[in-house]
Amino acid sequence: MPLPNVSRMSRILMIIADIVIALYLVLCMALWIFQRALIYYPQPRSVASALLTLPRSDAQVLVSVREHEGPKALIYFGGNAEDVSRNLPSFSAAFADHALYFLHYRGFGGSSGSPTEEAIQRDALGLFDEVYARHPQVTLVGRSLGSGVAVRLASQRPASHLVLITPYNSLEELAARQFPIFPVRWLLQDRFESWRYAREISVPTLLMAAEQDEVIPRSSTQRLFEHFAPGVAVLRVIPGVGHNSISASADYLRLLREAL
C-alpha cells in the first residue's frame, strides 16, 4: 500500500491548526466583548421601601432605604445576581438602631445604566458621602461581588466597621479558575482586586465564609484575609452552608451583629 503524501498531510495539519487558532481567537474576542454579561445578572427590585436617588450625571441610581434617626448607618452591597431589597426585612429587625441603605447597582432594581467596576465604585463613594453627612458611624457590608466594592470603599472613606461575606481575593483569580485556557489577565476589564485595598484597611473587619462555598474557594478568601494587617480582620466560617445559602444560617445575622 502506498504511503500518504507527506506534504499533503502537512498541509492538512496546518489547515487544522489554523482553524483551531482562529476559533480560539474568536472565543477570546467573544469573551472580551461579552464578559460583563457573564459577571453581572441584573435583578428587579421586589421589596417595596423608601428610595433614595443618588445625584449621578449619567444614570439614575436607586438605593432602598430604611430611615432611622441616630448616628449609626449600614450600607449594603450585594452579589452579582442579588436583589438587595430582599434583605430589608431581616436587616431591619436585626439592626433596629441603624439606618439602612442598600445600593441597587446600575441596571439592577430600577437603576438605569450598565454596571461596571468603576461606575459602581463611583456610585458607592457618592452614597457613602450622602450617608456620612447624616450618620457619623457607617458600617459597610459587602456580599460576594459586593465584598470587592465594600473593601475598596473602606480604603477610601472613614467607615466604622467592615463586613465581607463570602469574599474573594480578586475577580481575576476567580475568572482564571473558571476559564483556565483563556488569558483572562489580558481580557478582563473589571478586576475587583480586593487584596490591593485590604492592606490599607484599619477599621475592625469581619470576613464571613461559607464552609461549602461552591463559587468562591476558601483558598481565595484565605488569601484575602492574609492581606489585612495583623489584628485588623477576623475570619469566621459558617458550617454546613454554601455560597447562596449562607444567609439562611442562624449564625449569619448573629455574626453580623457581633461584628458591629
# chains A, B, ... in the order shown; residues from 1 in each chain; ligands from 1

$ residues_around --residues "Ala124 in chain A" --least-positions-apart "6" --cutoff "9 Å" --atoms "only C-alpha atoms" --output "MDAnalysis selection string"
chainID A and resid 77 103 149:150 153

$ residues_around --residues "Asp123 in chain A" --least-positions-apart "6" --cutoff "8 Å" --atoms "only C-alpha atoms" --output "ChimeraX atom specification"
/A:54,56,61

$ residues_around --residues "range 199-201 of chain A" --least-positions-apart "6" --cutoff "12 Å" --atoms "only C-alpha atoms" --output "ChimeraX atom specification"
/A:150-163,169,193,223-233

$ residues_around --residues "range 175-191 of chain A" --least-positions-apart "5" --cutoff "8 Å" --atoms "only C-alpha atoms" --output "number ranges by chain"
A: 28, 31-32, 35, 116-118, 170

$ write_last_selection --atoms "C-alpha atoms" --output "PDB file, in the first residue's frame"
ATOM      1  CA  CYS A  28     -11.198  35.191  23.168  1.00  0.00           C
ATOM      2  CA  LEU A  31     -15.170  36.617  25.994  1.00  0.00           C
ATOM      3  CA  TRP A  32     -13.762  40.138  25.872  1.00  0.00           C
ATOM      4  CA  GLN A  35     -17.545  39.500  29.703  1.00  0.00           C
ATOM      5  CA  THR A 116     -19.020  48.328  35.522  1.00  0.00           C
ATOM      6  CA  GLU A 117     -16.494  48.200  38.337  1.00  0.00           C
ATOM      7  CA  GLU A 118     -15.588  51.872  38.081  1.00  0.00           C
ATOM      8  CA  SER A 170      -9.721  39.138  43.202  1.00  0.00           C
TER       9      SER A 170
END

$ closest_residue --among "A:Ile21, A:Ala210, A:Ala259, A:Ala30" --to "Leu140 in chain A" --atoms "only C-alpha atoms"
A:Ala259

$ atom_distance --atom1 "CA of Leu206 in chain A" --atom2 "CA of Glu258 in chain A"
9.6 Å

$ select_by_dssp --residues "range 91-145 of chain A" --states "helix (DSSP H, G or I)" --output "ChimeraX atom specification"
/A:91-94,117-132,145

$ write_last_selection --atoms "C-alpha atoms" --output "mmCIF file, in the first residue's frame"
data_model
loop_
_atom_site.group_PDB
_atom_site.id
_atom_site.type_symbol
_atom_site.label_atom_id
_atom_site.label_comp_id
_atom_site.auth_asym_id
_atom_site.auth_seq_id
_atom_site.Cartn_x
_atom_site.Cartn_y
_atom_site.Cartn_z
ATOM 1 C CA PHE A 91 -31.737 43.578 58.475
ATOM 2 C CA SER A 92 -34.435 45.942 59.764
ATOM 3 C CA ALA A 93 -35.203 43.502 62.573
ATOM 4 C CA ALA A 94 -31.545 42.741 63.328
ATOM 5 C CA GLU A 117 -16.494 48.200 38.337
ATOM 6 C CA GLU A 118 -15.588 51.872 38.081
ATOM 7 C CA ALA A 119 -19.198 53.060 37.757
ATOM 8 C CA ILE A 120 -20.247 51.017 40.802
ATOM 9 C CA GLN A 121 -17.299 52.350 42.771
ATOM 10 C CA ARG A 122 -18.158 55.964 41.932
ATOM 11 C CA ASP A 123 -21.744 55.325 42.998
ATOM 12 C CA ALA A 124 -20.531 53.719 46.236
ATOM 13 C CA LEU A 125 -18.409 56.771 47.030
ATOM 14 C CA GLY A 126 -21.348 59.074 46.323
ATOM 15 C CA LEU A 127 -23.640 57.007 48.539
ATOM 16 C CA PHE A 128 -21.155 56.952 51.401
ATOM 17 C CA ASP A 129 -20.773 60.728 51.290
ATOM 18 C CA GLU A 130 -24.571 61.140 51.356
ATOM 19 C CA VAL A 131 -24.947 58.779 54.305
ATOM 20 C CA TYR A 132 -21.924 60.049 56.244
ATOM 21 C CA LEU A 145 -19.221 40.628 44.293
#

$ residues_around --residues "Ser112 in chain A" --least-positions-apart "3" --cutoff "10 Å" --atoms "only C-alpha atoms" --output "count of residues only"
12

$ residues_around --residues "Thr221 in chain A" --least-positions-apart "5" --cutoff "12 Å" --atoms "only C-alpha atoms" --output "PyMOL selection string"
chain A and resi 144+147-148+164-171+173-174+194-195+198+206-211+213+215-216+226-228+234-237

$ residues_around --residues "Val65 in chain A" --least-positions-apart "2" --cutoff "7 Å" --atoms "only C-alpha atoms" --output "list in words"
Ser49, Ala50, Leu51, Leu52, Val63, Glu67, Leu100, Tyr101 and Phe102 of chain A

$ atom_distance --atom1 "CA of Ile75 in chain A" --atom2 "CA of Gly142 in chain A"
8.4 Å

$ closest_residue --among "A:Gly79, A:Pro42, A:Pro89, A:Pro55" --to "Asn244 in chain A" --atoms "only C-alpha atoms"
A:Gly79

$ select_by_dssp --residues "range 35-238 of chain A" --states "strand (DSSP E)" --output "PyMOL selection string"
chain A and resi 50-54+61-66+72-77+99-103+137-143+161-165+205-210+233-238
